[in-house]
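Visitor: Let me give you the structure first, and then I'll get to my questions.
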Amino acid sequence: MENIRDYQGKRIHMIGIGGSSMSGLAEMLLKEGYTVTGSDNANSHAVERLREMGIEVHVGHAKENVPGTDLMVYSAAISAENPERQEAVHLGIPQMERSTLLGQLMQGHENAICVSGAHGKTTTSSMIAFTLLECGVDPTVHIGGRLDALGGGSRIGKKDVFVAEACEFHGSFLEMRPTQAVVLNIDADHLDYYRDIDHIEEAFGNFLSLLPEDGMAIGWGEDERIMRLFSKLPCETRSFGLKEENDYYPVNLTYNDTGCPMYDIAFRGEILGRIELRVAGEFNVLNSLAAFASAHAVGVEGEKAALALSKFGGVHRRFELTGLIDGVKMYHDYGHNPAEMRAALKVAKMQHPKRLWAVMQPHTYSRVKSLFNDYLTCTEVADFTLVTDIFAAREKDPGDIRTEMLIEGMRKNGIDAVHTPTFDDTEKYLREHWQPGDLVLTMGCGNINLLNEQMQLHGDTQR
């Protein structure tokens, strides 16, 4: 197997460089002295930012981008049929998958914290990174989102601590080298790759088996699948959750009028500090418990960790307020499966809007098909639901699933759902029907965030 350290100072070409993980890895490689180039299928803020750093990025994948490359890095979403990967084979250029690169970069760190789970990875890993930074630790960080405290999604620190997301997509987290594994939840997703939920649980078990005997596993104590896996581990395990049976749990939990949680953090019966979060929702109680447990386990003092978490302001594209238009608050959330959308809308409801609009961009045909019934009720707390065309991402249209089928099913479940195929259609419908005091939440991990930017650019309705 190729080792990234053997290519120090050489040219690394990254396919799909504009992706949230790939762009962060590109920054890390550049800072460590590698020459980095890349390609992506579209222009984006991430691509422009990489160019500003001096990285040459081509829009579109073509074999002409490849000559002169020493090592090619690609993500699991890039197939072997990609013209640049094919050209690399033709020219004898070695290739490395993104997760393998991440695993190699974290080797040699005393504490390699890998955050896994179907939901909450980016927020929790960001909370951990932010807490460590606030408490004087100098971590190396790689997350799948943009955190203002990092100035992006990655940073290079000392060799003491490495914080990274460990995603189960295509089993990529099996390339990690954790000394501490955080498991937030085990849920059905990526069923284009996994057979079923039992297959997913098996993969998480394989991930946990990567821990050394002196490592630590931290997991949600109310998830039976996680606890079942933990019972088989030879290393130390700690649990977090809402119940007192967990190692870490909240005491005196309340919420303010915008849904932000406040609680005393307890560890095995002892109160270690007071956390007053600036991000809303019950799921962020769990995320913050996990982050506190992770930081505490690597030696951060409890009261300092609690104070740091109380300053955490959130991650871009995670229930992010993007603007106020015509008296309507517009938010965006990265949630891309029904469970995440349902949770985000619950938080939106806590903002007490006059009326709540859910704007959904379904992500990939395979996900819509495998979780079809869950989509039909996930926006039920909203007053109105708009659904765009399905975002294909890495997939081709199989011809047997369409947004109209979702709309029909939603309406049968009593949801006021409308198909607005494009961003222009969606903007037009919203502007014609919304009222001051409403709240619009756009949801998806494709490019639906560009709708918020488009509408903010157009501003208040022009007379």
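Every chain in the structure tokens has a letter given in the order shown (A, B, ...), and although residue numbers restart at 1 in each chain, ligands are simply numbered from 1 in the order shown.
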Mind listing the helix (DSSP H, G or I) residues of stretch 235-415 of chain A, per DSSP on the backbone, as JSON, numbers by chain?

Guide: {"A": [282, 283, 284, 285, 286, 287, 288, 289, 290, 291, 292, 293, 294, 295, 296, 297, 302, 303, 304, 305, 306, 307, 308, 309, 338, 339, 340, 341, 342, 343, 344, 345, 346, 347, 348, 349, 365, 366, 367, 368, 369, 370, 372, 373, 374, 375, 403, 404, 405, 406, 407, 408, 409, 410, 411, 412]}

Visitor: Name all residues at most 7 Å from A:Ala417 (count only C-alpha atoms; drop same-chain ones fewer than 5 positions away) and give them as a short mmCIF file (atom, residue, chain, number, x, y, z; two decimals) with N, CA and C atoms, in the first residue's frame.

Guide:
```cif
data_model
loop_
_atom_site.label_atom_id
_atom_site.label_comp_id
_atom_site.auth_asym_id
_atom_site.auth_seq_id
_atom_site.Cartn_x
_atom_site.Cartn_y
_atom_site.Cartn_z
N PHE A 384 -46.04 23.81 5.75
CA PHE A 384 -45.97 23.61 4.30
C PHE A 384 -44.66 22.89 3.97
N THR A 385 -44.70 22.04 2.95
CA THR A 385 -43.50 21.32 2.51
C THR A 385 -43.31 21.52 1.01
N LEU A 386 -42.12 21.97 0.63
CA LEU A 386 -41.74 22.06 -0.78
C LEU A 386 -40.63 21.05 -1.03
N ILE A 407 -44.30 13.29 -3.20
CA ILE A 407 -45.38 14.25 -3.01
C ILE A 407 -46.71 13.53 -2.80
N MET A 410 -46.72 11.91 0.66
CA MET A 410 -46.83 12.92 1.71
C MET A 410 -48.26 13.41 1.85
N ARG A 411 -48.89 13.69 0.72
CA ARG A 411 -50.27 14.19 0.76
C ARG A 411 -51.21 13.16 1.37
#
```

Visitor: For the interface of stretch 331-369 of chain A with stretch 283-305 of chain A (cut-off 12 Å, counting only C-alpha atoms), please tabulate each contacting residue of stretch 331-369 of chain A alongside its nearest pair of atoms and their separation in Å to one decimal, rows sorted by chain and increasing number, as CSV.

Guide:
```
residue,atom,partner,partner_atom,distance
A:Ala339,CA,A:Phe283,CA,11.1
A:Glu340,CA,A:Phe283,CA,9.7
A:Arg342,CA,A:Phe283,CA,11.2
A:Ala343,CA,A:Phe283,CA,7.6
A:Ala344,CA,A:Phe283,CA,9.4
A:Lys346,CA,A:Phe283,CA,10.2
A:Val347,CA,A:Phe283,CA,9.4
```

Visitor: Take the selection from the previous step and output its residues with N, CA and C atoms, as a JSON list (two decimals), in the first residue's frame.

Guide:
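Saved as out.json:
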```
[["chain", "number", "residue", "atom", "x", "y", "z"],
["A", 339, "ALA", "N", -34.57, 11.09, 9.38],
["A", 339, "ALA", "CA", -34.38, 11.28, 10.82],
["A", 339, "ALA", "C", -33.75, 12.64, 11.11],
["A", 340, "GLU", "N", -32.76, 13.02, 10.31],
["A", 340, "GLU", "CA", -32.09, 14.31, 10.51],
["A", 340, "GLU", "C", -33.02, 15.48, 10.17],
["A", 342, "ARG", "N", -36.31, 15.47, 10.35],
["A", 342, "ARG", "CA", -37.31, 15.53, 11.41],
["A", 342, "ARG", "C", -36.75, 16.28, 12.63],
["A", 343, "ALA", "N", -35.50, 15.97, 12.99],
["A", 343, "ALA", "CA", -34.87, 16.62, 14.15],
["A", 343, "ALA", "C", -34.66, 18.10, 13.90],
["A", 344, "ALA", "N", -34.22, 18.47, 12.68],
["A", 344, "ALA", "CA", -33.99, 19.88, 12.36],
["A", 344, "ALA", "C", -35.30, 20.67, 12.39],
["A", 346, "LYS", "N", -37.89, 19.98, 14.19],
["A", 346, "LYS", "CA", -38.29, 20.10, 15.60],
["A", 346, "LYS", "C", -37.60, 21.31, 16.23],
["A", 347, "VAL", "N", -36.33, 21.52, 15.89],
["A", 347, "VAL", "CA", -35.61, 22.70, 16.39],
["A", 347, "VAL", "C", -36.22, 23.97, 15.79]]
```

Visitor: Atom CA of A:Val57 to atom CA of A:Phe162: how many Å, to one decimal?

Guide: 27.3 Å

Visitor: A:Thr37, A:His199, A:Leu25, A:Asn65: which is nearest A:Val141, counting only C-alpha atoms?

Guide: A:Leu25

Visitor: Excluding A:Asn82 and any residue of its chain fewer than 4 positions from it, enumerate the residues within 12 Å of it, using only C-alpha atoms, and give them as a list in words.

Guide: Ile15, Gly16, Ser39, Asp40, Asn41, Gly60, His61, Ala62, Lys63, Val66, Tyr74, Ser75, Ala76, Ala77, Ile78, Gln86, Glu87, Ala88, Val89 and Arg394 of chain A

Visitor: Convert the current residue selection to file output with N, CA, C and O atoms, as a PDB file, in the first residue's frame.

Guide:
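Saved as selection35.pdb:
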```pdb
ATOM      1  N   ILE A  15      -9.285  14.108  -6.882  1.00  0.00           N
ATOM      2  CA  ILE A  15     -10.521  14.142  -7.674  1.00  0.00           C
ATOM      3  C   ILE A  15     -11.700  14.376  -6.735  1.00  0.00           C
ATOM      4  O   ILE A  15     -11.871  13.656  -5.756  1.00  0.00           O
ATOM      5  N   GLY A  16     -12.511  15.379  -7.056  1.00  0.00           N
ATOM      6  CA  GLY A  16     -13.603  15.745  -6.151  1.00  0.00           C
ATOM      7  C   GLY A  16     -13.105  16.634  -5.027  1.00  0.00           C
ATOM      8  O   GLY A  16     -13.600  16.580  -3.899  1.00  0.00           O
ATOM      9  N   SER A  39      -9.512  18.421  -9.145  1.00  0.00           N
ATOM     10  CA  SER A  39     -10.611  18.672 -10.077  1.00  0.00           C
ATOM     11  C   SER A  39     -11.922  18.449  -9.355  1.00  0.00           C
ATOM     12  O   SER A  39     -11.997  17.701  -8.373  1.00  0.00           O
ATOM     13  N   ASP A  40     -12.953  19.121  -9.830  1.00  0.00           N
ATOM     14  CA  ASP A  40     -14.288  18.936  -9.289  1.00  0.00           C
ATOM     15  C   ASP A  40     -15.287  19.141 -10.415  1.00  0.00           C
ATOM     16  O   ASP A  40     -14.974  19.813 -11.410  1.00  0.00           O
ATOM     17  N   ASN A  41     -16.491  18.593 -10.244  1.00  0.00           N
ATOM     18  CA  ASN A  41     -17.450  18.679 -11.347  1.00  0.00           C
ATOM     19  C   ASN A  41     -18.145  20.035 -11.441  1.00  0.00           C
ATOM     20  O   ASN A  41     -18.870  20.294 -12.393  1.00  0.00           O
ATOM     21  N   GLY A  60     -14.461  20.122 -13.959  1.00  0.00           N
ATOM     22  CA  GLY A  60     -14.656  19.027 -14.907  1.00  0.00           C
ATOM     23  C   GLY A  60     -13.542  18.004 -14.780  1.00  0.00           C
ATOM     24  O   GLY A  60     -12.398  18.343 -14.431  1.00  0.00           O
ATOM     25  N   HIS A  61     -13.880  16.744 -15.008  1.00  0.00           N
ATOM     26  CA  HIS A  61     -12.904  15.660 -14.909  1.00  0.00           C
ATOM     27  C   HIS A  61     -12.432  15.286 -16.317  1.00  0.00           C
ATOM     28  O   HIS A  61     -13.245  14.923 -17.172  1.00  0.00           O
ATOM     29  N   ALA A  62     -11.135  15.377 -16.540  1.00  0.00           N
ATOM     30  CA  ALA A  62     -10.586  15.087 -17.869  1.00  0.00           C
ATOM     31  C   ALA A  62      -9.195  14.494 -17.722  1.00  0.00           C
ATOM     32  O   ALA A  62      -8.445  14.851 -16.808  1.00  0.00           O
ATOM     33  N   LYS A  63      -8.833  13.615 -18.637  1.00  0.00           N
ATOM     34  CA  LYS A  63      -7.529  12.945 -18.556  1.00  0.00           C
ATOM     35  C   LYS A  63      -6.378  13.935 -18.691  1.00  0.00           C
ATOM     36  O   LYS A  63      -5.267  13.677 -18.211  1.00  0.00           O
ATOM     37  N   VAL A  66      -4.259  15.017 -15.570  1.00  0.00           N
ATOM     38  CA  VAL A  66      -3.506  14.012 -14.805  1.00  0.00           C
ATOM     39  C   VAL A  66      -1.990  14.046 -14.983  1.00  0.00           C
ATOM     40  O   VAL A  66      -1.254  13.876 -14.007  1.00  0.00           O
ATOM     41  N   TYR A  74      -8.737   9.962  -4.400  1.00  0.00           N
ATOM     42  CA  TYR A  74     -10.135  10.056  -4.823  1.00  0.00           C
ATOM     43  C   TYR A  74     -11.034   9.665  -3.659  1.00  0.00           C
ATOM     44  O   TYR A  74     -10.601   8.977  -2.720  1.00  0.00           O
ATOM     45  N   SER A  75     -12.287  10.110  -3.694  1.00  0.00           N
ATOM     46  CA  SER A  75     -13.239   9.725  -2.649  1.00  0.00           C
ATOM     47  C   SER A  75     -14.019   8.500  -3.104  1.00  0.00           C
ATOM     48  O   SER A  75     -14.008   8.130  -4.287  1.00  0.00           O
ATOM     49  N   ALA A  76     -14.732   7.886  -2.161  1.00  0.00           N
ATOM     50  CA  ALA A  76     -15.498   6.674  -2.468  1.00  0.00           C
ATOM     51  C   ALA A  76     -16.584   6.939  -3.502  1.00  0.00           C
ATOM     52  O   ALA A  76     -17.074   6.020  -4.146  1.00  0.00           O
ATOM     53  N   ALA A  77     -16.968   8.214  -3.659  1.00  0.00           N
ATOM     54  CA  ALA A  77     -18.017   8.554  -4.626  1.00  0.00           C
ATOM     55  C   ALA A  77     -17.491   8.598  -6.062  1.00  0.00           C
ATOM     56  O   ALA A  77     -18.272   8.675  -7.005  1.00  0.00           O
ATOM     57  N   ILE A  78     -16.163   8.553  -6.241  1.00  0.00           N
ATOM     58  CA  ILE A  78     -15.560   8.607  -7.588  1.00  0.00           C
ATOM     59  C   ILE A  78     -15.314   7.186  -8.077  1.00  0.00           C
ATOM     60  O   ILE A  78     -14.509   6.449  -7.503  1.00  0.00           O
ATOM     61  N   GLN A  86      -8.947   6.515 -14.818  1.00  0.00           N
ATOM     62  CA  GLN A  86      -8.546   5.641 -15.923  1.00  0.00           C
ATOM     63  C   GLN A  86      -7.200   6.070 -16.507  1.00  0.00           C
ATOM     64  O   GLN A  86      -6.353   5.227 -16.841  1.00  0.00           O
ATOM     65  N   GLU A  87      -6.992   7.383 -16.621  1.00  0.00           N
ATOM     66  CA  GLU A  87      -5.726   7.891 -17.143  1.00  0.00           C
ATOM     67  C   GLU A  87      -4.582   7.570 -16.185  1.00  0.00           C
ATOM     68  O   GLU A  87      -3.454   7.279 -16.616  1.00  0.00           O
ATOM     69  N   ALA A  88      -4.870   7.610 -14.878  1.00  0.00           N
ATOM     70  CA  ALA A  88      -3.845   7.256 -13.892  1.00  0.00           C
ATOM     71  C   ALA A  88      -3.420   5.806 -14.063  1.00  0.00           C
ATOM     72  O   ALA A  88      -2.224   5.480 -13.966  1.00  0.00           O
ATOM     73  N   VAL A  89      -4.381   4.929 -14.319  1.00  0.00           N
ATOM     74  CA  VAL A  89      -4.053   3.518 -14.578  1.00  0.00           C
ATOM     75  C   VAL A  89      -3.177   3.419 -15.821  1.00  0.00           C
ATOM     76  O   VAL A  89      -2.158   2.705 -15.845  1.00  0.00           O
ATOM     77  N   ARG A 394     -23.665  11.156  -6.908  1.00  0.00           N
ATOM     78  CA  ARG A 394     -22.807  10.212  -7.640  1.00  0.00           C
ATOM     79  C   ARG A 394     -23.606   9.219  -8.483  1.00  0.00           C
ATOM     80  O   ARG A 394     -23.026   8.381  -9.170  1.00  0.00           O
TER      81      ARG A 394
END
```

Visitor: Within 7 Å of A:Met28, counting only C-alpha atoms, which residues qualify if same-chain residues fewer than 4 places away don't, as number ranges by chain?

Guide: A: 24, 32, 154-156

Visitor: As a list in words, please: the residues near A:Gly18 (cut-off 10 Å, only C-alpha atoms, same-chain neighbours under 6 positions excluded).

Guide: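 These residues fall inside the cut-off: Gly24, Ala26, Gly38, Ser39, Asp40, Asn41, Ala42, Asn43, Ser44, His45, Ala46, Val47, Glu48, Arg49, Leu50, Val57 and Val59 of chain A.
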
Visitor: Save the residues we just selected, N, CA, C and O atoms, as an mmCIF file, in the first residue's frame?

Guide:
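Full text of result_8.cif as output:
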```cif
data_model
loop_
_atom_site.group_PDB
_atom_site.id
_atom_site.type_symbol
_atom_site.label_atom_id
_atom_site.label_comp_id
_atom_site.auth_asym_id
_atom_site.auth_seq_id
_atom_site.Cartn_x
_atom_site.Cartn_y
_atom_site.Cartn_z
ATOM 1 N N GLY A 24 -10.756 19.855 2.896
ATOM 2 C CA GLY A 24 -10.008 19.943 4.144
ATOM 3 C C GLY A 24 -8.696 19.190 4.083
ATOM 4 O O GLY A 24 -7.658 19.674 4.563
ATOM 5 N N ALA A 26 -7.039 18.610 1.375
ATOM 6 C CA ALA A 26 -6.168 19.377 0.469
ATOM 7 C C ALA A 26 -5.444 20.479 1.229
ATOM 8 O O ALA A 26 -4.234 20.694 1.037
ATOM 9 N N GLY A 38 -6.182 19.579 -8.200
ATOM 10 C CA GLY A 38 -7.420 18.825 -8.083
ATOM 11 C C GLY A 38 -8.409 19.151 -9.173
ATOM 12 O O GLY A 38 -8.188 20.035 -10.009
ATOM 13 N N SER A 39 -9.512 18.421 -9.145
ATOM 14 C CA SER A 39 -10.611 18.672 -10.077
ATOM 15 C C SER A 39 -11.922 18.449 -9.355
ATOM 16 O O SER A 39 -11.997 17.701 -8.373
ATOM 17 N N ASP A 40 -12.953 19.121 -9.830
ATOM 18 C CA ASP A 40 -14.288 18.936 -9.289
ATOM 19 C C ASP A 40 -15.287 19.141 -10.415
ATOM 20 O O ASP A 40 -14.974 19.813 -11.410
ATOM 21 N N ASN A 41 -16.491 18.593 -10.244
ATOM 22 C CA ASN A 41 -17.450 18.679 -11.347
ATOM 23 C C ASN A 41 -18.145 20.035 -11.441
ATOM 24 O O ASN A 41 -18.870 20.294 -12.393
ATOM 25 N N ALA A 42 -17.931 20.906 -10.452
ATOM 26 C CA ALA A 42 -18.569 22.222 -10.483
ATOM 27 C C ALA A 42 -17.755 23.224 -9.680
ATOM 28 O O ALA A 42 -17.000 22.855 -8.780
ATOM 29 N N ASN A 43 -17.935 24.487 -10.019
ATOM 30 C CA ASN A 43 -17.336 25.541 -9.223
ATOM 31 C C ASN A 43 -18.100 25.671 -7.909
ATOM 32 O O ASN A 43 -19.282 25.343 -7.843
ATOM 33 N N SER A 44 -17.456 26.121 -6.860
ATOM 34 C CA SER A 44 -18.102 26.263 -5.559
ATOM 35 C C SER A 44 -17.258 27.196 -4.696
ATOM 36 O O SER A 44 -16.142 27.564 -5.053
ATOM 37 N N HIS A 45 -17.831 27.570 -3.542
ATOM 38 C CA HIS A 45 -17.064 28.396 -2.611
ATOM 39 C C HIS A 45 -15.791 27.667 -2.181
ATOM 40 O O HIS A 45 -14.735 28.285 -2.022
ATOM 41 N N ALA A 46 -15.910 26.345 -1.958
ATOM 42 C CA ALA A 46 -14.747 25.566 -1.528
ATOM 43 C C ALA A 46 -13.655 25.588 -2.592
ATOM 44 O O ALA A 46 -12.469 25.745 -2.282
ATOM 45 N N VAL A 47 -14.055 25.435 -3.853
ATOM 46 C CA VAL A 47 -13.092 25.461 -4.961
ATOM 47 C C VAL A 47 -12.407 26.832 -5.031
ATOM 48 O O VAL A 47 -11.176 26.921 -5.178
ATOM 49 N N GLU A 48 -13.188 27.900 -4.930
ATOM 50 C CA GLU A 48 -12.611 29.240 -4.983
ATOM 51 C C GLU A 48 -11.646 29.478 -3.829
ATOM 52 O O GLU A 48 -10.587 30.095 -3.988
ATOM 53 N N ARG A 49 -11.996 28.950 -2.655
ATOM 54 C CA ARG A 49 -11.137 29.116 -1.478
ATOM 55 C C ARG A 49 -9.802 28.390 -1.686
ATOM 56 O O ARG A 49 -8.733 28.904 -1.324
ATOM 57 N N LEU A 50 -9.849 27.193 -2.259
ATOM 58 C CA LEU A 50 -8.629 26.434 -2.529
ATOM 59 C C LEU A 50 -7.752 27.162 -3.552
ATOM 60 O O LEU A 50 -6.523 27.186 -3.427
ATOM 61 N N VAL A 57 -7.165 24.153 -9.441
ATOM 62 C CA VAL A 57 -8.354 23.293 -9.470
ATOM 63 C C VAL A 57 -9.017 23.409 -10.833
ATOM 64 O O VAL A 57 -9.332 24.517 -11.293
ATOM 65 N N VAL A 59 -12.286 22.601 -13.266
ATOM 66 C CA VAL A 59 -13.709 22.271 -13.215
ATOM 67 C C VAL A 59 -13.992 21.291 -14.342
ATOM 68 O O VAL A 59 -13.754 21.577 -15.516
#
```

Visitor: Using only C-alpha atoms for the distances, tell me which of A:Thr140, A:Phe204, A:Ser79, A:Gln456 is nearest to A:Glu395.

Guide: A:Ser79

Visitor: Name the residues of stretch 349-385 of chain A that come out as strand (DSSP E or B) in a backbone DSSP run; write them as a PDB file with C-alpha atoms, in the first residue's frame.

Guide:
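Everything below was put into part_9.pdb:
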```
ATOM      1  CA  LEU A 356     -42.980  26.825   9.255  1.00  0.00           C
ATOM      2  CA  TRP A 357     -41.878  25.962   5.707  1.00  0.00           C
ATOM      3  CA  ALA A 358     -39.881  22.774   5.077  1.00  0.00           C
ATOM      4  CA  VAL A 359     -37.908  22.854   1.823  1.00  0.00           C
ATOM      5  CA  MET A 360     -36.412  19.447   1.075  1.00  0.00           C
ATOM      6  CA  HIS A 363     -30.393  13.226  -1.790  1.00  0.00           C
ATOM      7  CA  PHE A 384     -45.969  23.607   4.304  1.00  0.00           C
ATOM      8  CA  THR A 385     -43.500  21.324   2.511  1.00  0.00           C
TER       9      THR A 385
END
```

Visitor: Please list as a VMD selection string every residue within 12 Å of A:Thr123, counting only C-alpha atoms and excluding residues in the same chain fewer than 5 positions away.

Guide: chain A and resid 115 to 117 128 to 130 143 to 147 153 164 to 165 184 279 to 280 283 to 291 309 312 to 319 333 to 335

Visitor: Mind pulling up the distance from atom CA of A:Gly459 to atom CA of A:Thr420?

Guide: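 These atoms are spaced 20.0 Å apart.
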
Visitor: How many Å separate atom CA of A:Pro139 from atom CA of A:Lys159?

Guide: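 So the answer is 7.5 Å.
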
Visitor: List as a PDB file with N, CA and C atoms, in the first residue's frame the protein and nucleic acid residues near A:Gln107, meaning an atom at most 8 Å away when only C-alpha atoms are counted, but skip any in the same chain fewer than 4 places from it.

Guide:
```
ATOM      1  N   GLY A 103      -6.632   8.181   7.393  1.00  0.00           N
ATOM      2  CA  GLY A 103      -6.100   7.242   8.380  1.00  0.00           C
ATOM      3  C   GLY A 103      -4.592   7.356   8.529  1.00  0.00           C
ATOM      4  N   ALA A 112      -5.956   9.755  18.994  1.00  0.00           N
ATOM      5  CA  ALA A 112      -6.657   9.883  17.714  1.00  0.00           C
ATOM      6  C   ALA A 112      -8.141   9.669  17.986  1.00  0.00           C
ATOM      7  N   ARG A 177      -7.399   5.018  12.380  1.00  0.00           N
ATOM      8  CA  ARG A 177      -6.501   4.434  13.379  1.00  0.00           C
ATOM      9  C   ARG A 177      -6.816   5.060  14.742  1.00  0.00           C
TER      10      ARG A 177
END
```

Visitor: Identify which of the residues A:Glu56, A:Asp187, A:Glu97, A:Asp326 lies closest to A:Phe173, counting only C-alpha atoms when measuring atom-to-atom distances.

Guide: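 Using only C-alpha atoms, the shortest distance to A:Phe173 belongs to A:Glu97.
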
Visitor: Which of these residues is nearest to A:Asn452, using only C-alpha atoms: A:Val368, A:Val328, A:Met96, A:Leu345?

Guide: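 For A:Asn452, the nearest of the given residues is A:Val328.
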
Visitor: My list of candidates is A:Ala118, A:Leu105, A:Cys445, A:Ala348. Which is closest to A:Ala392 when distances are computed with only C-alpha atoms?

Guide: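 Ranked by minimum distance to A:Ala392, first place goes to A:Cys445.
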